[in-house]
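Just input_28.csv here, CSV, C-alpha atoms and all ligand atoms:
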```csv
chain,number,residue,atom,x,y,z
A,1,MET,CA,45.7,-42.6,-29.4
A,2,MET,CA,44.4,-46.0,-30.4
A,3,VAL,CA,46.3,-49.0,-29.3
A,4,THR,CA,46.3,-52.6,-30.4
A,5,PRO,CA,43.0,-54.0,-29.1
A,6,HIS,CA,43.7,-56.5,-26.3
A,7,CYS,CA,41.9,-58.3,-23.6
A,8,PRO,CA,41.9,-56.3,-20.3
A,9,ALA,CA,42.2,-59.6,-18.3
A,10,CYS,CA,45.0,-61.6,-20.1
A,11,GLY,CA,46.4,-59.2,-22.6
A,12,SER,CA,45.7,-61.4,-25.6
A,13,VAL,CA,45.3,-59.5,-28.9
A,14,VAL,CA,41.6,-59.3,-30.0
A,15,PHE,CA,39.8,-57.7,-32.9
A,16,PHE,CA,37.7,-54.5,-32.6
A,17,GLU,CA,34.7,-56.6,-33.4
A,18,SER,CA,35.4,-59.2,-30.6
A,19,LEU,CA,32.7,-59.9,-28.0
A,20,GLU,CA,34.9,-62.1,-25.9
A,21,CYS,CA,38.5,-62.9,-25.5
A,22,PRO,CA,39.5,-66.1,-27.5
A,23,ALA,CA,42.1,-67.0,-24.9
A,24,CYS,CA,40.3,-66.5,-21.5
A,25,SER,CA,36.7,-65.9,-22.5
A,26,THR,CA,36.4,-62.6,-20.7
A,27,GLU,CA,33.4,-60.6,-22.1
A,28,LEU,CA,34.8,-57.6,-23.9
A,29,GLY,CA,33.3,-54.1,-24.0
A,30,PHE,CA,34.9,-51.2,-25.9
A,31,HIS,CA,35.2,-48.0,-24.0
A,32,ARG,CA,35.3,-45.3,-26.6
A,33,ALA,CA,36.6,-42.6,-24.3
A,34,SER,CA,39.9,-44.4,-23.8
A,35,GLY,CA,39.9,-46.4,-27.0
A,36,GLU,CA,40.5,-49.6,-25.0
A,37,PHE,CA,38.6,-52.7,-24.1
A,38,ALA,CA,37.3,-53.2,-20.5
A,39,GLU,CA,35.4,-56.2,-19.1
A,40,ALA,CA,31.8,-56.1,-20.1
A,41,ARG,CA,29.7,-56.7,-16.9
A,42,PRO,CA,25.9,-56.3,-16.8
A,43,GLU,CA,26.2,-54.4,-13.5
A,44,GLY,CA,28.7,-52.1,-15.2
A,45,VAL,CA,32.4,-51.2,-14.6
A,46,LEU,CA,33.8,-47.9,-13.4
A,47,LEU,CA,36.0,-46.4,-16.1
A,48,THR,CA,37.9,-43.1,-16.3
A,49,ASP,CA,38.1,-40.8,-19.2
A,50,PRO,CA,41.8,-40.2,-20.0
A,51,ARG,CA,41.0,-36.5,-20.5
A,52,GLY,CA,39.9,-36.3,-16.9
A,53,GLY,CA,36.8,-36.2,-14.7
A,54,GLU,CA,35.3,-38.6,-12.3
A,55,PRO,CA,35.0,-42.3,-13.2
A,56,ARG,CA,31.7,-43.3,-14.6
A,57,LEU,CA,29.8,-46.6,-14.7
A,58,TRP,CA,29.8,-48.2,-18.2
A,59,ARG,CA,27.5,-51.1,-19.1
A,60,PRO,CA,27.2,-53.3,-22.2
A,61,CYS,CA,25.2,-51.6,-25.0
A,62,SER,CA,21.6,-52.8,-25.0
A,63,ASN,CA,22.3,-54.1,-28.6
A,64,ARG,CA,24.9,-56.6,-27.3
A,65,ALA,CA,22.6,-59.5,-28.4
A,66,TRP,CA,23.1,-58.1,-31.9
A,67,ARG,CA,26.8,-58.3,-31.4
A,68,CYS,CA,27.5,-54.6,-30.5
A,69,ASN,CA,30.5,-54.8,-28.2
A,70,TRP,CA,30.6,-51.1,-27.1
A,71,LEU,CA,29.9,-49.9,-23.6
A,72,ALA,CA,27.3,-47.3,-22.9
A,73,PRO,CA,27.7,-44.7,-20.0
A,74,ASP,CA,25.2,-45.2,-17.2
A,75,GLY,CA,22.7,-42.5,-16.5
A,76,GLU,CA,22.0,-41.4,-20.0
A,77,ALA,CA,18.6,-41.3,-21.8
A,78,SER,CA,19.4,-44.4,-23.7
A,79,ALA,CA,21.0,-47.7,-22.8
A,80,GLN,CA,22.6,-47.9,-26.2
A,81,CYS,CA,26.2,-47.0,-27.0
A,82,LEU,CA,27.0,-43.8,-28.9
A,83,SER,CA,27.3,-45.8,-32.2
A,84,CYS,CA,23.9,-47.4,-31.8
A,85,ARG,CA,22.2,-44.2,-30.6
A,86,LEU,CA,23.3,-42.5,-33.8
A,87,THR,CA,21.2,-44.9,-35.8
A,88,ARG,CA,18.0,-43.0,-36.5
A,89,ARG,CA,16.1,-45.5,-38.6
A,90,ARG,CA,16.6,-49.3,-38.6
A,91,PRO,CA,14.6,-52.3,-39.6
A,92,ASP,CA,11.5,-53.2,-37.6
A,93,ASN,CA,11.9,-55.6,-34.6
A,94,ASP,CA,10.2,-58.4,-36.4
A,95,ASP,CA,12.3,-58.1,-39.5
A,96,THR,CA,15.1,-60.5,-38.3
A,97,LEU,CA,16.6,-61.0,-41.7
A,98,SER,CA,17.3,-57.3,-42.0
A,99,LEU,CA,18.4,-57.0,-38.4
A,100,GLU,CA,21.0,-59.7,-39.1
A,101,LYS,CA,22.4,-57.5,-41.8
A,102,LEU,CA,22.2,-54.5,-39.5
A,103,ALA,CA,24.5,-56.3,-37.0
A,104,VAL,CA,27.1,-56.7,-39.8
A,105,VAL,CA,26.8,-53.1,-41.0
A,106,ALA,CA,26.9,-51.7,-37.5
A,107,ALA,CA,30.3,-53.2,-37.0
A,108,ASP,CA,31.6,-51.1,-39.9
A,109,LYS,CA,29.8,-48.0,-38.5
A,110,ARG,CA,31.6,-48.6,-35.1
A,111,ARG,CA,35.0,-48.8,-37.0
A,112,LEU,CA,34.2,-45.6,-38.8
A,113,LEU,CA,33.2,-43.8,-35.5
A,114,MET,CA,36.3,-45.1,-33.7
A,115,GLN,CA,38.5,-43.6,-36.4
A,116,LEU,CA,36.6,-40.2,-36.3
A,117,ILE,CA,37.1,-40.1,-32.5
A,118,ASP,CA,40.8,-41.0,-33.0
A,119,LEU,CA,41.3,-38.2,-35.5
A,120,GLY,CA,39.5,-35.8,-33.1
A,121,LEU,CA,36.8,-35.0,-35.6
A,122,PRO,CA,33.6,-33.5,-34.0
A,123,ILE,CA,30.6,-35.8,-33.7
A,124,THR,CA,27.4,-34.0,-32.9
A,125,PRO,CA,24.5,-36.4,-32.7
A,126,TYR,CA,21.2,-35.6,-34.4
A,127,TYR,CA,19.4,-35.9,-31.1
A,128,GLU,CA,21.4,-33.0,-29.7
A,129,GLN,CA,21.3,-30.7,-32.6
A,130,GLU,CA,19.2,-30.1,-35.7
A,131,GLY,CA,21.3,-31.3,-38.7
A,132,GLY,CA,23.5,-33.4,-36.4
A,133,LEU,CA,24.9,-36.8,-37.4
A,134,ALA,CA,22.4,-39.6,-37.9
A,135,PHE,CA,22.4,-43.0,-39.7
A,136,ASP,CA,19.4,-44.5,-41.5
A,137,LEU,CA,20.4,-48.2,-41.8
A,138,VAL,CA,17.6,-49.7,-43.9
A,139,SER,CA,17.4,-52.6,-46.4
A,140,SER,CA,16.3,-52.3,-50.1
A,141,LEU,CA,15.4,-56.0,-49.8
A,142,SER,CA,12.7,-55.5,-47.2
A,143,ASN,CA,9.1,-54.5,-48.0
A,144,GLY,CA,10.1,-53.1,-51.5
A,145,GLU,CA,11.7,-50.2,-49.8
A,146,ARG,CA,13.7,-47.9,-52.1
A,147,VAL,CA,17.0,-47.1,-50.5
A,148,ILE,CA,19.5,-44.7,-52.0
A,149,ILE,CA,22.9,-44.6,-50.3
A,150,GLY,CA,23.7,-41.0,-49.6
A,151,HIS,CA,24.0,-38.1,-47.2
A,152,ALA,CA,21.5,-35.2,-46.6
A,153,ASN,CA,21.6,-32.7,-43.8
A,154,GLY,CA,23.6,-34.9,-41.4
A,155,VAL,CA,21.7,-38.1,-42.2
A,156,ILE,CA,23.7,-40.9,-43.8
A,157,THR,CA,21.7,-43.6,-45.4
A,158,ILE,CA,23.2,-47.0,-46.0
A,159,ASP,CA,21.5,-50.0,-47.8
A,160,LEU,CA,21.8,-53.1,-45.6
A,161,ALA,CA,21.6,-55.2,-48.7
A,162,GLU,CA,25.2,-54.1,-49.3
A,163,SER,CA,26.3,-56.4,-46.5
A,164,LEU,CA,25.5,-59.4,-48.8
A,165,ASP,CA,28.6,-60.3,-50.8
A,166,ALA,CA,26.7,-61.5,-53.9
A,167,TYR,CA,24.6,-58.3,-54.0
A,168,ARG,CA,27.5,-55.9,-53.4
A,169,GLU,CA,29.9,-57.7,-55.8
A,170,ARG,CA,27.3,-57.7,-58.6
A,171,LEU,CA,27.0,-53.9,-58.3
A,172,ARG,CA,30.8,-53.5,-58.1
A,173,VAL,CA,31.3,-55.4,-61.3
A,174,ARG,CA,28.4,-53.6,-63.1
A,175,LEU,CA,29.8,-50.2,-62.1
A,176,GLY,CA,33.4,-51.2,-62.9
A,177,GLU,CA,34.6,-50.3,-59.4
A,178,PRO,CA,37.9,-51.8,-58.2
A,179,TYR,CA,36.7,-51.6,-54.6
A,180,ARG,CA,33.3,-51.6,-52.9
A,181,THR,CA,32.7,-52.2,-49.2
A,182,VAL,CA,30.3,-51.1,-46.6
A,183,LEU,CA,33.1,-49.4,-44.7
A,184,GLY,CA,34.0,-47.6,-47.9
A,185,HIS,CA,30.4,-46.3,-48.2
A,186,PHE,CA,30.5,-45.0,-44.7
A,187,ARG,CA,33.8,-43.3,-45.3
A,188,HIS,CA,32.5,-41.7,-48.5
A,189,GLU,CA,29.2,-40.4,-47.0
A,190,ILE,CA,30.9,-39.1,-43.8
A,191,GLY,CA,33.1,-37.1,-46.3
A,192,HIS,CA,29.9,-35.3,-47.5
A,193,TYR,CA,28.9,-34.7,-43.8
A,194,TYR,CA,32.3,-33.2,-42.9
A,195,GLN,CA,32.8,-31.0,-46.0
A,196,SER,CA,30.3,-28.4,-44.8
A,197,ILE,CA,31.4,-28.7,-41.2
A,198,LEU,CA,35.2,-28.4,-41.7
A,199,LEU,CA,35.1,-25.8,-44.4
A,200,ASP,CA,34.0,-22.9,-42.1
A,201,THR,CA,35.7,-19.9,-43.7
A,202,ASP,CA,35.5,-18.3,-47.2
A,203,GLU,CA,39.2,-18.9,-47.6
A,204,LEU,CA,38.9,-22.6,-47.2
A,205,TRP,CA,35.9,-22.8,-49.6
A,206,ALA,CA,37.9,-20.9,-52.2
A,207,GLU,CA,40.8,-23.3,-51.8
A,208,CYS,CA,38.5,-26.2,-51.9
A,209,ARG,CA,36.9,-24.9,-55.2
A,210,ALA,CA,40.3,-24.4,-56.7
A,211,LEU,CA,41.2,-28.0,-56.0
A,212,PHE,CA,37.9,-29.9,-56.5
A,213,GLY,CA,35.9,-27.5,-58.7
A,214,ASP,CA,32.9,-25.4,-58.0
A,215,GLU,CA,30.3,-27.4,-56.0
A,216,ARG,CA,27.6,-24.9,-57.0
A,217,ALA,CA,27.4,-26.6,-60.5
A,218,SER,CA,24.1,-28.4,-61.1
A,219,TYR,CA,24.2,-31.9,-59.4
A,220,GLN,CA,21.3,-33.2,-61.5
A,221,ASP,CA,23.1,-32.3,-64.8
A,222,ALA,CA,26.3,-33.9,-63.5
A,223,LEU,CA,24.5,-37.0,-62.5
A,224,LYS,CA,22.8,-37.3,-65.9
A,225,ARG,CA,26.1,-36.7,-67.8
A,226,HIS,CA,27.9,-39.3,-65.6
A,227,TYR,CA,25.4,-42.0,-66.3
A,228,ASP,CA,24.9,-41.1,-70.0
A,229,VAL,CA,28.5,-40.7,-71.1
A,230,GLY,CA,30.7,-41.8,-68.1
A,231,ALA,CA,33.9,-40.3,-66.8
A,232,PRO,CA,35.9,-38.1,-69.2
A,233,ALA,CA,38.9,-39.6,-70.9
A,234,GLY,CA,42.2,-39.2,-69.0
A,235,TRP,CA,40.3,-38.9,-65.7
A,236,ILE,CA,42.9,-41.1,-64.0
A,237,ASP,CA,45.5,-38.3,-64.2
A,238,GLU,CA,43.4,-36.1,-62.0
A,239,TYR,CA,40.9,-38.1,-59.9
A,240,ILE,CA,41.1,-41.0,-57.4
A,241,SER,CA,38.1,-42.8,-59.0
A,242,ASP,CA,35.7,-42.8,-61.8
A,243,TYR,CA,32.9,-41.7,-59.5
A,244,ALA,CA,34.9,-38.7,-58.3
A,245,THR,CA,34.7,-37.1,-61.7
A,246,MET,CA,30.9,-36.8,-61.5
A,247,HIS,CA,30.7,-33.6,-59.4
A,248,PRO,CA,32.9,-31.6,-57.1
A,249,TRP,CA,30.9,-32.9,-54.1
A,250,GLU,CA,31.7,-36.5,-55.1
A,251,ASP,CA,35.3,-35.7,-55.7
A,252,PHE,CA,35.6,-34.3,-52.2
A,253,ALA,CA,33.8,-37.3,-50.6
A,254,GLU,CA,35.9,-39.8,-52.5
A,255,THR,CA,39.1,-38.0,-51.5
A,256,PHE,CA,37.9,-37.9,-47.9
A,257,ALA,CA,37.1,-41.6,-48.0
A,258,HIS,CA,40.6,-42.3,-49.2
A,259,TYR,CA,42.1,-40.1,-46.5
A,260,LEU,CA,40.3,-42.4,-44.0
A,261,HIS,CA,41.4,-45.6,-45.9
A,262,ILE,CA,45.0,-44.4,-45.7
A,263,THR,CA,45.2,-43.1,-42.2
A,264,GLY,CA,43.1,-46.0,-40.8
A,265,THR,CA,45.3,-48.6,-42.4
A,266,LEU,CA,48.5,-46.8,-41.4
A,267,SER,CA,47.2,-46.6,-37.9
A,268,THR,CA,46.5,-50.4,-37.8
A,269,ALA,CA,50.0,-51.1,-39.2
A,270,ALA,CA,51.6,-48.8,-36.6
A,271,ASN,CA,49.7,-50.4,-33.8
A,272,SER,CA,50.6,-53.9,-35.1
A,273,GLY,CA,54.3,-53.0,-34.9
A,274,VAL,CA,54.9,-53.1,-38.7
A,275,LEU,CA,58.4,-51.9,-39.8
A,276,LEU,CA,59.7,-52.0,-43.4
A,277,GLN,CA,63.4,-52.5,-43.6
A,278,ALA,CA,64.8,-50.3,-46.3
A,279,GLU,CA,67.7,-52.6,-47.1
A,280,ARG,CA,65.2,-55.3,-48.2
A,281,ILE,CA,63.3,-53.1,-50.6
A,282,ALA,CA,65.0,-52.8,-53.9
A,283,GLY,CA,65.3,-49.2,-55.1
A,284,PHE,CA,64.4,-47.7,-51.7
A,285,ASP,CA,66.8,-45.3,-50.1
A,286,HIS,CA,64.7,-43.3,-47.7
A,287,GLY,CA,65.5,-45.3,-44.6
A,288,ASP,CA,63.2,-47.7,-42.8
A,289,VAL,CA,59.4,-47.2,-43.0
A,290,LEU,CA,58.0,-47.1,-39.5
A,291,PRO,CA,54.3,-46.0,-39.7
A,292,ARG,CA,53.2,-43.6,-37.0
A,293,ALA,CA,50.2,-44.1,-34.7
A,294,SER,CA,49.3,-40.5,-35.5
A,295,TYR,CA,50.1,-38.3,-38.4
A,296,ARG,CA,48.8,-35.1,-36.7
A,297,ASP,CA,52.2,-33.6,-36.7
A,298,ALA,CA,53.3,-34.9,-40.1
A,299,THR,CA,53.1,-33.3,-43.5
A,300,PHE,CA,51.0,-35.0,-46.1
A,301,ASP,CA,54.2,-35.9,-48.0
A,302,GLU,CA,55.2,-37.9,-45.0
A,303,VAL,CA,51.8,-39.7,-44.8
A,304,LEU,CA,52.0,-40.4,-48.6
A,305,SER,CA,55.6,-41.7,-48.5
A,306,ASP,CA,54.7,-44.2,-45.7
A,307,TRP,CA,51.5,-45.2,-47.5
A,308,THR,CA,53.2,-45.7,-50.8
A,309,TRP,CA,55.5,-48.3,-49.4
A,310,LEU,CA,53.1,-49.9,-47.0
A,311,SER,CA,50.3,-50.2,-49.5
A,312,LEU,CA,52.8,-51.8,-52.0
A,313,MET,CA,53.7,-54.3,-49.3
A,314,PHE,CA,50.0,-55.0,-48.5
A,315,ASN,CA,49.2,-55.4,-52.2
A,316,ARG,CA,52.0,-58.0,-52.5
A,317,VAL,CA,50.7,-59.8,-49.4
A,318,ASN,CA,47.2,-60.0,-50.8
A,319,ARG,CA,48.5,-61.3,-54.1
A,320,SER,CA,50.5,-64.0,-52.3
A,321,MET,CA,47.1,-65.2,-51.0
A,322,GLY,CA,45.5,-65.0,-54.5
A,323,LEU,CA,43.5,-62.0,-53.5
A,324,LYS,CA,43.0,-58.7,-55.2
A,325,ASP,CA,45.1,-55.7,-54.1
A,326,LEU,CA,44.3,-54.3,-50.7
A,327,TYR,CA,44.6,-50.8,-52.1
A,328,PRO,CA,43.8,-51.0,-55.9
A,329,PHE,CA,44.4,-47.3,-56.5
A,330,GLY,CA,47.2,-45.0,-57.7
A,331,ILE,CA,47.7,-41.6,-56.1
A,332,VAL,CA,48.7,-39.1,-58.8
A,333,ALA,CA,50.0,-35.6,-58.0
A,334,PRO,CA,46.6,-33.7,-58.3
A,335,VAL,CA,45.0,-36.3,-56.1
A,336,ALA,CA,47.9,-36.0,-53.6
A,337,ARG,CA,47.2,-32.2,-53.5
A,338,LYS,CA,43.5,-32.8,-52.7
A,339,LEU,CA,44.4,-35.3,-50.0
A,340,ALA,CA,46.9,-32.8,-48.5
A,341,PHE,CA,44.0,-30.3,-48.2
A,342,VAL,CA,41.9,-32.9,-46.4
A,343,HIS,CA,44.8,-33.7,-44.1
A,344,ARG,CA,45.1,-30.1,-43.3
A,345,ILE,CA,41.5,-29.5,-42.4
A,346,VAL,CA,41.2,-32.7,-40.4
A,347,VAL,CA,44.3,-31.9,-38.4
A,348,ARG,CA,43.0,-28.4,-37.9
A,349,ALA,CA,39.6,-29.7,-36.6
A,350,GLY,CA,41.4,-32.2,-34.3
A,351,ALA,CA,43.5,-29.5,-32.8
A,352,ALA,CA,40.6,-27.2,-32.3
A,353,ARG,CA,38.7,-30.0,-30.6
A,354,ALA,CA,41.6,-30.9,-28.4
A,355,ALA,CA,41.9,-27.3,-27.2
A,356,SER,CA,38.2,-27.1,-26.2
A,357,SER,CA,37.6,-30.8,-25.2
A,358,GLN,CA,35.5,-31.7,-22.3
A,359,PRO,CA,35.5,-35.2,-20.9
A,360,GLY,CA,32.2,-37.1,-21.4
B,1,ZN,ZN,41.8,-62.8,-22.2
B,2,ZN,ZN,25.9,-50.4,-29.4
```

Do you think you could lay out the structure here as structure tokens?
Ligand SMILES: [Zn+2]
Ligand SMILES: [Zn+2]
Amino acid sequence: MMVTPHCPACGSVVFFESLECPACSTELGFHRASGEFAEARPEGVLLTDPRGGEPRLWRPCSNRAWRCNWLAPDGEASAQCLSCRLTRRRPDNDDTLSLEKLAVVAADKRRLLMQLIDLGLPITPYYEQEGGLAFDLVSSLSNGERVIIGHANGVITIDLAESLDAYRERLRVRLGEPYRTVLGHFRHEIGHYYQSILLDTDELWAECRALFGDERASYQDALKRHYDVGAPAGWIDEYISDYATMHPWEDFAETFAHYLHITGTLSTAANSGVLLQAERIAGFDHGDVLPRASYRDATFDEVLSDWTWLSLMFNRVNRSMGLKDLYPFGIVAPVARKLAFVHRIVVRAGAARAASSQPG
């Protein structure tokens, strides 16, 4: 279970992106196997996997100069951490403008992967298996390269230009989206990746089709219709976003992304010690809201109840800073049913993985 990130030397709270402790300047290295920071030493540190096995030597990732703060296990074919190794394509070494953007985007990728590990979702790298997970992180602003954000056969493509606020915000406004972030792109595309992996029985596919529609419908036709006439009237009563209306594949990916938004933010709140006192919330009579570090044993109704009140609180906090809502979405009953399905298959995958897990 993920804990509040803190300095291994002095205990100060740090961010997941931190390279050194702001209080004592200890160099920080994230040890993905335990979900905690250790000291990053060039000669390596011996760390134990909480699931067992002999301690291993972990060294700073070879991309530390590009602000990667993960550790990489010694004795592997690569001196890069798991997150960096999953990057299949990246800008050329002399394209420093794009590499600067890559450093920003890679931090979002690490946050994504940390959450997938925390949820117990399987991560099979492309270099171990055909069709395994890979990331092509390339920029549409370099060499006239045409980059389309998407997923195909395990490979997730992200446009590094999206790390530029002006670029991303212009697209967000043009597309009428309430929310557009690089982390959101990662969470959406990984939804496409997991749909085919987690739905491994005919029964699950049948359930999925009943909720999201038949994904065998022509994608090209759906794409054309979406950009010609837009989302159907009244979509907000059935979908989490405008884009989700385009095709059942997109509805699933959007829903999956929201599941990660919700559980990721709940986990951060839980690990930060957040507690909402019922007596201070007008009209609330369900008892205090104390988010859990893990919702593995919870029903989706319980997830949603906590999220409803916590997201309301976060939205009010943002407004008190003159910012837009943290979570500018409403979850209607049909969307809650889709999210409940995602919750079920994610918990199921996590349990299957825990049962067969090998340290490493
Ligand atoms: Zn410290
Ligand atoms: Zn790395």

One-decimal distance in Å that lies between CA of Met246 (chain A) and CA of Gly213 (chain A):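 Here the two named atoms are 10.9 Å from each other.
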
For the contact check between chain A and ligand ZN 2 (chain B), emit one row per residue of chain A within 12 Å, containing the shortest atom pair and the distance in Å rounded to one decimal, counting all atoms listed in the file, chain then rising number order, as CSV.
```
residue,atom,partner,partner_atom,distance
A:Glu17,CA,B:ZN2,ZN,11.5
A:Leu19,CA,B:ZN2,ZN,11.8
A:Gly29,CA,B:ZN2,ZN,9.9
A:Phe30,CA,B:ZN2,ZN,9.7
A:His31,CA,B:ZN2,ZN,11.0
A:Arg32,CA,B:ZN2,ZN,11.1
A:Arg59,CA,B:ZN2,ZN,10.4
A:Pro60,CA,B:ZN2,ZN,7.9
A:Cys61,CA,B:ZN2,ZN,4.6
A:Ser62,CA,B:ZN2,ZN,6.6
A:Asn63,CA,B:ZN2,ZN,5.2
A:Arg64,CA,B:ZN2,ZN,6.6
A:Ala65,CA,B:ZN2,ZN,9.7
A:Trp66,CA,B:ZN2,ZN,8.6
A:Arg67,CA,B:ZN2,ZN,8.2
A:Cys68,CA,B:ZN2,ZN,4.6
A:Asn69,CA,B:ZN2,ZN,6.5
A:Trp70,CA,B:ZN2,ZN,5.3
A:Leu71,CA,B:ZN2,ZN,7.1
A:Ala72,CA,B:ZN2,ZN,7.3
A:Pro73,CA,B:ZN2,ZN,11.1
A:Ser78,CA,B:ZN2,ZN,10.5
A:Ala79,CA,B:ZN2,ZN,8.7
A:Gln80,CA,B:ZN2,ZN,5.2
A:Cys81,CA,B:ZN2,ZN,4.2
A:Leu82,CA,B:ZN2,ZN,6.7
A:Ser83,CA,B:ZN2,ZN,5.6
A:Cys84,CA,B:ZN2,ZN,4.3
A:Arg85,CA,B:ZN2,ZN,7.3
A:Leu86,CA,B:ZN2,ZN,9.4
A:Thr87,CA,B:ZN2,ZN,9.7
A:Leu102,CA,B:ZN2,ZN,11.5
A:Ala103,CA,B:ZN2,ZN,9.7
A:Val105,CA,B:ZN2,ZN,11.9
A:Ala106,CA,B:ZN2,ZN,8.3
A:Ala107,CA,B:ZN2,ZN,9.2
A:Asp108,CA,B:ZN2,ZN,12.0
A:Lys109,CA,B:ZN2,ZN,10.2
A:Arg110,CA,B:ZN2,ZN,8.3
A:Arg111,CA,B:ZN2,ZN,12.0
A:Leu113,CA,B:ZN2,ZN,11.6
```

Based on the selection just made, write C-alpha atoms of those residues as a PDB file, keeping the file's coordinate frame.
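What ended up in result_19.pdb:
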```pdb
ATOM      1  CA  GLU A  17      34.700 -56.600 -33.400  1.00  0.00           C
ATOM      2  CA  LEU A  19      32.700 -59.900 -28.000  1.00  0.00           C
ATOM      3  CA  GLY A  29      33.300 -54.100 -24.000  1.00  0.00           C
ATOM      4  CA  PHE A  30      34.900 -51.200 -25.900  1.00  0.00           C
ATOM      5  CA  HIS A  31      35.200 -48.000 -24.000  1.00  0.00           C
ATOM      6  CA  ARG A  32      35.300 -45.300 -26.600  1.00  0.00           C
ATOM      7  CA  ARG A  59      27.500 -51.100 -19.100  1.00  0.00           C
ATOM      8  CA  PRO A  60      27.200 -53.300 -22.200  1.00  0.00           C
ATOM      9  CA  CYS A  61      25.200 -51.600 -25.000  1.00  0.00           C
ATOM     10  CA  SER A  62      21.600 -52.800 -25.000  1.00  0.00           C
ATOM     11  CA  ASN A  63      22.300 -54.100 -28.600  1.00  0.00           C
ATOM     12  CA  ARG A  64      24.900 -56.600 -27.300  1.00  0.00           C
ATOM     13  CA  ALA A  65      22.600 -59.500 -28.400  1.00  0.00           C
ATOM     14  CA  TRP A  66      23.100 -58.100 -31.900  1.00  0.00           C
ATOM     15  CA  ARG A  67      26.800 -58.300 -31.400  1.00  0.00           C
ATOM     16  CA  CYS A  68      27.500 -54.600 -30.500  1.00  0.00           C
ATOM     17  CA  ASN A  69      30.500 -54.800 -28.200  1.00  0.00           C
ATOM     18  CA  TRP A  70      30.600 -51.100 -27.100  1.00  0.00           C
ATOM     19  CA  LEU A  71      29.900 -49.900 -23.600  1.00  0.00           C
ATOM     20  CA  ALA A  72      27.300 -47.300 -22.900  1.00  0.00           C
ATOM     21  CA  PRO A  73      27.700 -44.700 -20.000  1.00  0.00           C
ATOM     22  CA  SER A  78      19.400 -44.400 -23.700  1.00  0.00           C
ATOM     23  CA  ALA A  79      21.000 -47.700 -22.800  1.00  0.00           C
ATOM     24  CA  GLN A  80      22.600 -47.900 -26.200  1.00  0.00           C
ATOM     25  CA  CYS A  81      26.200 -47.000 -27.000  1.00  0.00           C
ATOM     26  CA  LEU A  82      27.000 -43.800 -28.900  1.00  0.00           C
ATOM     27  CA  SER A  83      27.300 -45.800 -32.200  1.00  0.00           C
ATOM     28  CA  CYS A  84      23.900 -47.400 -31.800  1.00  0.00           C
ATOM     29  CA  ARG A  85      22.200 -44.200 -30.600  1.00  0.00           C
ATOM     30  CA  LEU A  86      23.300 -42.500 -33.800  1.00  0.00           C
ATOM     31  CA  THR A  87      21.200 -44.900 -35.800  1.00  0.00           C
ATOM     32  CA  LEU A 102      22.200 -54.500 -39.500  1.00  0.00           C
ATOM     33  CA  ALA A 103      24.500 -56.300 -37.000  1.00  0.00           C
ATOM     34  CA  VAL A 105      26.800 -53.100 -41.000  1.00  0.00           C
ATOM     35  CA  ALA A 106      26.900 -51.700 -37.500  1.00  0.00           C
ATOM     36  CA  ALA A 107      30.300 -53.200 -37.000  1.00  0.00           C
ATOM     37  CA  ASP A 108      31.600 -51.100 -39.900  1.00  0.00           C
ATOM     38  CA  LYS A 109      29.800 -48.000 -38.500  1.00  0.00           C
ATOM     39  CA  ARG A 110      31.600 -48.600 -35.100  1.00  0.00           C
ATOM     40  CA  ARG A 111      35.000 -48.800 -37.000  1.00  0.00           C
ATOM     41  CA  LEU A 113      33.200 -43.800 -35.500  1.00  0.00           C
TER      42      LEU A 113
END
```

For His261 (chain A): contacts at 8 Å, only C-alpha atoms, fewer than 4 positions along chain excluded, given as a VMD selection string: chain A and resid 184 187 257 265

Take the residues from that selection and write them out as a compact mmCIF listing (two decimals), in the coordinates of the input, keeping C-alpha atoms.
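Result file out_7.txt:
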```txt
# COMPACT_ATOMS: atom_id res chain seq x y z
CA GLY A 184 34.00 -47.60 -47.90
CA ARG A 187 33.80 -43.30 -45.30
CA ALA A 257 37.10 -41.60 -48.00
CA THR A 265 45.30 -48.60 -42.40
```

Cut-off 7 Å, only C-alpha atoms and all ligand atoms, neighbours of ligand ZN 1 (chain B) as a count of residues only: 12

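Note that CA of Leu312 (chain A) and CA of Val332 (chain A) are 15.0 Å apart.
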
Separation of CA of Gly131 (chain A) from CA of Gly154 (chain A), in Å and rounded to one decimal: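 CA of Gly154 (chain A) lies at a distance of 5.1 Å from CA of Gly131 (chain A).
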
Within 9 Å of file point (54.2, -42.9, -44.5), counting only C-alpha atoms, expressed as a ChimeraX atom specification: /A:266,289-292,295,300-310

Spatial neighbours of Asp136 (chain A), 7 Å, all atoms listed in the file, chain gap at least 6 places, as a ChimeraX atom specification: /A:87-90,155-158

Residue neighbourhood Leu223 (chain A), 8 Å, all atoms listed in the file, exclusion window fewer than 4 positions, as a ChimeraX atom specification: /A:219,227,246-247

A:Glu145, A:Asp165, A:Asp118, A:Asp221 ranked by distance to Val3 (chain A), top pick (using all atoms listed in the file):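 The shortest atom-to-atom distance to Val3 (chain A) comes from A:Asp118.
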
Test item: residues at most 7 Å from Arg56 (chain A), all atoms listed in the file, excluding those fewer than 3 positions along its chain, as a PyMOL selection string: chain A and resi 46-48+73

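Excluding Gly191 (chain A) itself and any same-chain residue fewer than 6 positions from it, the protein and nucleic acid residues within 9 Å of it, counting all atoms listed in the file, are Glu250, Phe252, Ala253, Glu254, Thr255, Phe256 and Ala257 of chain A.
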
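Closest to Leu141 (chain A) among A:Glu169, A:Glu177, A:Asp95, A:Glu54 is A:Asp95, based on only C-alpha atoms.
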